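Structure record follows, encoded as structure tokens.
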Amino acid sequence: MRDLKALSDQVRQIAYDIHVYHGHGHLEKVYENALAHRLRKAGLEVKQQYPIKVFDEDGTLIGDYLADLLVEGVLIIELKTAKTLAPEHEAQVLGYLKSARLEHGLLINFGSYKFEIRKFVWSEQKPQRTQTTPGVFTFFISALSAFFAVK
């Protein structure tokens, strides 16, 4: 399996290059197609609109989602074109990771003047919240947020 840090760094750089070239203001689908195209040109396996099924504890199918991109079978990418990222966007990525039983995801916002990207790691062993304050997740890698922040 490919090194996840190197893969995440490569996706981050390609997404940033798209943000610089296209700017903000396009529909989410335009950015999805651009990112999928450039990742494939870089030799990566990319699946667009990757189906994720959600099961109840007894195995009953209770819903399904479509993740924007699945890269190399290990990295879920959710794209947004919002003014800024919100807690519900983070919850969406975490829900995808849990349901898909994958550990790594990126949330990328192309809708702002400032490029925004956040990396998430889901682990069954870790508690879901560090405190009772809503929106504070232990599986959000705060140490990497500074690394991924692009000004």
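We label chains A, B, ... in the order they appear in the structure tokens, count residues from 1 in each chain, and number ligands from 1 in the order shown.
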
Please report, as a PyMOL selection string, each residue of stretch 14-91 of chain A to which DSSP assigns helix (DSSP H, G or I) when run on this structure's backbone.
chain A and resi 14-22+28-41+87-91

Please dump the current selection as an mmCIF file, in the first residue's frame; keep N, CA, C and O atoms.
```cif
data_model
loop_
_atom_site.group_PDB
_atom_site.id
_atom_site.type_symbol
_atom_site.label_atom_id
_atom_site.label_comp_id
_atom_site.auth_asym_id
_atom_site.auth_seq_id
_atom_site.Cartn_x
_atom_site.Cartn_y
_atom_site.Cartn_z
ATOM 1 N N ILE A 14 -2.137 18.924 -5.738
ATOM 2 C CA ILE A 14 -2.925 18.956 -6.975
ATOM 3 C C ILE A 14 -4.192 19.781 -6.770
ATOM 4 O O ILE A 14 -4.564 20.593 -7.628
ATOM 5 N N ALA A 15 -4.861 19.616 -5.628
ATOM 6 C CA ALA A 15 -6.068 20.393 -5.342
ATOM 7 C C ALA A 15 -5.733 21.879 -5.243
ATOM 8 O O ALA A 15 -6.486 22.729 -5.743
ATOM 9 N N TYR A 16 -4.611 22.202 -4.618
ATOM 10 C CA TYR A 16 -4.197 23.599 -4.515
ATOM 11 C C TYR A 16 -3.939 24.187 -5.905
ATOM 12 O O TYR A 16 -4.339 25.316 -6.206
ATOM 13 N N ASP A 17 -3.268 23.417 -6.760
ATOM 14 C CA ASP A 17 -3.000 23.872 -8.125
ATOM 15 C C ASP A 17 -4.304 24.147 -8.883
ATOM 16 O O ASP A 17 -4.401 25.120 -9.648
ATOM 17 N N ILE A 18 -5.305 23.307 -8.668
ATOM 18 C CA ILE A 18 -6.621 23.514 -9.287
ATOM 19 C C ILE A 18 -7.247 24.796 -8.760
ATOM 20 O O ILE A 18 -7.806 25.597 -9.515
ATOM 21 N N HIS A 19 -7.143 25.010 -7.453
ATOM 22 C CA HIS A 19 -7.693 26.221 -6.834
ATOM 23 C C HIS A 19 -7.030 27.472 -7.422
ATOM 24 O O HIS A 19 -7.708 28.452 -7.739
ATOM 25 N N VAL A 20 -5.720 27.430 -7.602
ATOM 26 C CA VAL A 20 -5.008 28.572 -8.169
ATOM 27 C C VAL A 20 -5.427 28.801 -9.624
ATOM 28 O O VAL A 20 -5.693 29.934 -10.026
ATOM 29 N N TYR A 21 -5.516 27.741 -10.404
ATOM 30 C CA TYR A 21 -5.831 27.870 -11.827
ATOM 31 C C TYR A 21 -7.287 28.279 -12.079
ATOM 32 O O TYR A 21 -7.562 29.198 -12.844
ATOM 33 N N HIS A 22 -8.219 27.578 -11.419
ATOM 34 C CA HIS A 22 -9.644 27.810 -11.690
ATOM 35 C C HIS A 22 -10.275 28.852 -10.767
ATOM 36 O O HIS A 22 -11.356 29.357 -11.070
ATOM 37 N N GLU A 28 -19.450 22.433 -7.736
ATOM 38 C CA GLU A 28 -18.647 21.371 -7.118
ATOM 39 C C GLU A 28 -18.229 20.315 -8.141
ATOM 40 O O GLU A 28 -17.104 19.807 -8.110
ATOM 41 N N LYS A 29 -19.104 19.981 -9.064
ATOM 42 C CA LYS A 29 -18.823 18.947 -10.064
ATOM 43 C C LYS A 29 -17.625 19.310 -10.943
ATOM 44 O O LYS A 29 -16.860 18.433 -11.353
ATOM 45 N N VAL A 30 -17.445 20.587 -11.229
ATOM 46 C CA VAL A 30 -16.301 21.030 -12.024
ATOM 47 C C VAL A 30 -15.001 20.709 -11.291
ATOM 48 O O VAL A 30 -14.051 20.181 -11.879
ATOM 49 N N TYR A 31 -14.963 20.998 -9.999
ATOM 50 C CA TYR A 31 -13.764 20.717 -9.206
ATOM 51 C C TYR A 31 -13.553 19.205 -9.054
ATOM 52 O O TYR A 31 -12.430 18.720 -9.081
ATOM 53 N N GLU A 32 -14.644 18.480 -8.891
ATOM 54 C CA GLU A 32 -14.544 17.019 -8.794
ATOM 55 C C GLU A 32 -13.921 16.451 -10.069
ATOM 56 O O GLU A 32 -12.999 15.633 -10.008
ATOM 57 N N ASN A 33 -14.427 16.886 -11.218
ATOM 58 C CA ASN A 33 -13.892 16.396 -12.489
ATOM 59 C C ASN A 33 -12.437 16.808 -12.690
ATOM 60 O O ASN A 33 -11.614 16.016 -13.169
ATOM 61 N N ALA A 34 -12.106 18.043 -12.323
ATOM 62 C CA ALA A 34 -10.730 18.524 -12.469
ATOM 63 C C ALA A 34 -9.781 17.729 -11.575
ATOM 64 O O ALA A 34 -8.701 17.306 -12.023
ATOM 65 N N LEU A 35 -10.179 17.502 -10.327
ATOM 66 C CA LEU A 35 -9.321 16.765 -9.404
ATOM 67 C C LEU A 35 -9.167 15.312 -9.844
ATOM 68 O O LEU A 35 -8.051 14.775 -9.857
ATOM 69 N N ALA A 36 -10.262 14.683 -10.237
ATOM 70 C CA ALA A 36 -10.195 13.297 -10.720
ATOM 71 C C ALA A 36 -9.293 13.209 -11.946
ATOM 72 O O ALA A 36 -8.451 12.304 -12.049
ATOM 73 N N HIS A 37 -9.440 14.146 -12.876
ATOM 74 C CA HIS A 37 -8.634 14.161 -14.101
ATOM 75 C C HIS A 37 -7.141 14.292 -13.781
ATOM 76 O O HIS A 37 -6.314 13.516 -14.278
ATOM 77 N N ARG A 38 -6.795 15.247 -12.933
ATOM 78 C CA ARG A 38 -5.381 15.480 -12.627
ATOM 79 C C ARG A 38 -4.777 14.352 -11.790
ATOM 80 O O ARG A 38 -3.600 14.023 -11.957
ATOM 81 N N LEU A 39 -5.567 13.766 -10.905
ATOM 82 C CA LEU A 39 -5.065 12.628 -10.126
ATOM 83 C C LEU A 39 -4.807 11.427 -11.028
ATOM 84 O O LEU A 39 -3.806 10.721 -10.869
ATOM 85 N N ARG A 40 -5.701 11.203 -11.980
ATOM 86 C CA ARG A 40 -5.494 10.106 -12.935
ATOM 87 C C ARG A 40 -4.270 10.370 -13.802
ATOM 88 O O ARG A 40 -3.505 9.454 -14.101
ATOM 89 N N LYS A 41 -4.085 11.619 -14.233
ATOM 90 C CA LYS A 41 -2.892 11.976 -15.011
ATOM 91 C C LYS A 41 -1.619 11.705 -14.214
ATOM 92 O O LYS A 41 -0.580 11.387 -14.794
ATOM 93 N N PRO A 87 -19.023 22.558 10.620
ATOM 94 C CA PRO A 87 -19.003 21.284 11.345
ATOM 95 C C PRO A 87 -19.788 20.166 10.650
ATOM 96 O O PRO A 87 -19.407 19.002 10.717
ATOM 97 N N GLU A 88 -20.866 20.516 9.954
ATOM 98 C CA GLU A 88 -21.640 19.472 9.268
ATOM 99 C C GLU A 88 -20.858 18.860 8.107
ATOM 100 O O GLU A 88 -21.064 17.697 7.770
ATOM 101 N N HIS A 89 -19.950 19.622 7.508
ATOM 102 C CA HIS A 89 -19.089 19.068 6.462
ATOM 103 C C HIS A 89 -18.115 18.050 7.062
ATOM 104 O O HIS A 89 -17.872 16.991 6.485
ATOM 105 N N GLU A 90 -17.569 18.382 8.227
ATOM 106 C CA GLU A 90 -16.671 17.469 8.924
ATOM 107 C C GLU A 90 -17.404 16.191 9.323
ATOM 108 O O GLU A 90 -16.892 15.092 9.145
ATOM 109 N N ALA A 91 -18.621 16.354 9.840
ATOM 110 C CA ALA A 91 -19.417 15.192 10.245
ATOM 111 C C ALA A 91 -19.712 14.290 9.055
ATOM 112 O O ALA A 91 -19.727 13.062 9.187
#
```

As a list in words, please: the residues near A:Ile77 (cut-off 9 Å, only C-alpha atoms, same-chain neighbours under 3 positions excluded).
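Non-adjacent residues within range: Ala67, Asp68, Leu69, Leu70, Val71, Val93, His104, Gly105, Leu106, Leu107 and Ile108 of chain A.
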
Within 9 Å of A:Ala82 using only C-alpha atoms, minus same-chain residues under 6 positions, as an NGL selection string:
:A and (109-112)

Output N, CA and C atoms for every residue in that selection, as an mmCIF file, in the first residue's frame.
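As a result, out_4.cif now contains:
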```cif
data_model
loop_
_atom_site.group_PDB
_atom_site.id
_atom_site.type_symbol
_atom_site.label_atom_id
_atom_site.label_comp_id
_atom_site.auth_asym_id
_atom_site.auth_seq_id
_atom_site.Cartn_x
_atom_site.Cartn_y
_atom_site.Cartn_z
ATOM 1 N N ASN A 109 -12.324 22.470 0.333
ATOM 2 C CA ASN A 109 -13.277 23.515 -0.038
ATOM 3 C C ASN A 109 -12.684 24.396 -1.136
ATOM 4 N N PHE A 110 -13.356 24.427 -2.285
ATOM 5 C CA PHE A 110 -12.941 25.265 -3.400
ATOM 6 C C PHE A 110 -13.762 26.552 -3.486
ATOM 7 N N GLY A 111 -14.699 26.752 -2.566
ATOM 8 C CA GLY A 111 -15.624 27.870 -2.675
ATOM 9 C C GLY A 111 -15.164 29.173 -2.048
ATOM 10 N N SER A 112 -14.024 29.166 -1.411
ATOM 11 C CA SER A 112 -13.529 30.337 -0.710
ATOM 12 C C SER A 112 -12.333 30.939 -1.446
#
```

In Å, how far is it from atom CA of A:Phe115 to atom CA of A:His26?
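Computing it gives 14.0 Å between the two atoms.
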
Go through A:Lys119, A:Gly95, A:Gly23, A:Val11 one by one, measure the shortest atom-to-atom distance of each to A:Ala42 using only C-alpha atoms, and give the residue with the smallest value.
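Looking only at the distances to A:Ala42, the closest residue turns out to be A:Val11.
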
So that I can check the surroundings of A:Phe55, please list as number ranges by chain every protein, DNA and RNA residue that reaches within 12 Å of it, counting only C-alpha atoms and ignoring chain neighbours fewer than 6 positions away.
A: 61-65, 95, 98-101

Go ahead and save the residues from that selection, with all heavy atoms, as an mmCIF file, in the first residue's frame.
```
data_model
loop_
_atom_site.group_PDB
_atom_site.id
_atom_site.type_symbol
_atom_site.label_atom_id
_atom_site.label_comp_id
_atom_site.auth_asym_id
_atom_site.auth_seq_id
_atom_site.Cartn_x
_atom_site.Cartn_y
_atom_site.Cartn_z
ATOM 1 N N LEU A 61 -29.624 -2.772 5.683
ATOM 2 C CA LEU A 61 -29.234 -1.591 4.930
ATOM 3 C C LEU A 61 -30.204 -0.459 5.254
ATOM 4 O O LEU A 61 -31.415 -0.606 5.098
ATOM 5 C CB LEU A 61 -29.244 -1.880 3.426
ATOM 6 C CG LEU A 61 -28.882 -0.716 2.513
ATOM 7 C CD1 LEU A 61 -27.436 -0.277 2.723
ATOM 8 C CD2 LEU A 61 -29.113 -1.106 1.058
ATOM 9 N N ILE A 62 -29.682 0.653 5.740
ATOM 10 C CA ILE A 62 -30.551 1.775 6.121
ATOM 11 C C ILE A 62 -30.292 3.036 5.303
ATOM 12 O O ILE A 62 -30.972 4.042 5.478
ATOM 13 C CB ILE A 62 -30.440 2.088 7.630
ATOM 14 C CG1 ILE A 62 -28.993 2.396 8.027
ATOM 15 C CG2 ILE A 62 -31.006 0.937 8.453
ATOM 16 C CD1 ILE A 62 -28.829 2.861 9.464
ATOM 17 N N GLY A 63 -29.312 2.984 4.420
ATOM 18 C CA GLY A 63 -29.059 4.152 3.581
ATOM 19 C C GLY A 63 -27.786 4.001 2.780
ATOM 20 O O GLY A 63 -27.001 3.079 3.001
ATOM 21 N N ASP A 64 -27.614 4.907 1.841
ATOM 22 C CA ASP A 64 -26.375 4.914 1.095
ATOM 23 C C ASP A 64 -26.011 6.343 0.697
ATOM 24 O O ASP A 64 -26.864 7.206 0.597
ATOM 25 C CB ASP A 64 -26.381 4.007 -0.121
ATOM 26 C CG ASP A 64 -27.727 3.828 -0.768
ATOM 27 O OD1 ASP A 64 -28.622 4.657 -0.559
ATOM 28 O OD2 ASP A 64 -27.883 2.868 -1.488
ATOM 29 N N TYR A 65 -24.718 6.543 0.539
ATOM 30 C CA TYR A 65 -24.155 7.832 0.179
ATOM 31 C C TYR A 65 -23.290 7.671 -1.049
ATOM 32 O O TYR A 65 -22.917 6.556 -1.421
ATOM 33 C CB TYR A 65 -23.234 8.365 1.295
ATOM 34 C CG TYR A 65 -23.889 8.625 2.606
ATOM 35 C CD1 TYR A 65 -23.621 7.824 3.705
ATOM 36 C CD2 TYR A 65 -24.731 9.723 2.778
ATOM 37 C CE1 TYR A 65 -24.186 8.086 4.941
ATOM 38 C CE2 TYR A 65 -25.307 9.983 4.015
ATOM 39 C CZ TYR A 65 -25.028 9.166 5.087
ATOM 40 O OH TYR A 65 -25.587 9.432 6.300
ATOM 41 N N GLY A 95 -18.672 10.436 8.858
ATOM 42 C CA GLY A 95 -19.698 9.421 8.618
ATOM 43 C C GLY A 95 -19.331 8.514 7.454
ATOM 44 O O GLY A 95 -19.523 7.301 7.504
ATOM 45 N N LYS A 98 -16.508 6.107 8.631
ATOM 46 C CA LYS A 98 -17.032 5.053 9.509
ATOM 47 C C LYS A 98 -17.834 4.024 8.712
ATOM 48 O O LYS A 98 -17.636 2.824 8.858
ATOM 49 C CB LYS A 98 -17.901 5.662 10.606
ATOM 50 C CG LYS A 98 -18.424 4.632 11.581
ATOM 51 C CD LYS A 98 -19.219 5.270 12.693
ATOM 52 C CE LYS A 98 -19.697 4.205 13.654
ATOM 53 N NZ LYS A 98 -20.491 4.764 14.746
ATOM 54 N N SER A 99 -18.731 4.487 7.847
ATOM 55 C CA SER A 99 -19.572 3.574 7.078
ATOM 56 C C SER A 99 -18.774 2.761 6.069
ATOM 57 O O SER A 99 -19.063 1.588 5.835
ATOM 58 C CB SER A 99 -20.673 4.351 6.350
ATOM 59 O OG SER A 99 -21.546 4.945 7.287
ATOM 60 N N ALA A 100 -17.761 3.384 5.467
ATOM 61 C CA ALA A 100 -16.940 2.685 4.473
ATOM 62 C C ALA A 100 -15.862 1.824 5.132
ATOM 63 O O ALA A 100 -15.187 1.062 4.452
ATOM 64 C CB ALA A 100 -16.286 3.696 3.540
ATOM 65 N N ARG A 101 -15.714 1.973 6.449
ATOM 66 C CA ARG A 101 -14.671 1.274 7.204
ATOM 67 C C ARG A 101 -13.277 1.600 6.641
ATOM 68 O O ARG A 101 -12.426 0.725 6.496
ATOM 69 C CB ARG A 101 -14.928 -0.222 7.232
ATOM 70 C CG ARG A 101 -16.161 -0.582 8.045
ATOM 71 C CD ARG A 101 -16.381 -2.077 8.136
ATOM 72 N NE ARG A 101 -17.372 -2.415 9.113
ATOM 73 C CZ ARG A 101 -18.684 -2.407 8.912
ATOM 74 N NH1 ARG A 101 -19.154 -2.028 7.746
ATOM 75 N NH2 ARG A 101 -19.519 -2.756 9.856
#
```

Give the strand (DSSP E) residues of chain A, as DSSP finds them on the backbone, and put them as number ranges by chain.
A: 46-55, 61-71, 75-80, 104-109, 116-121
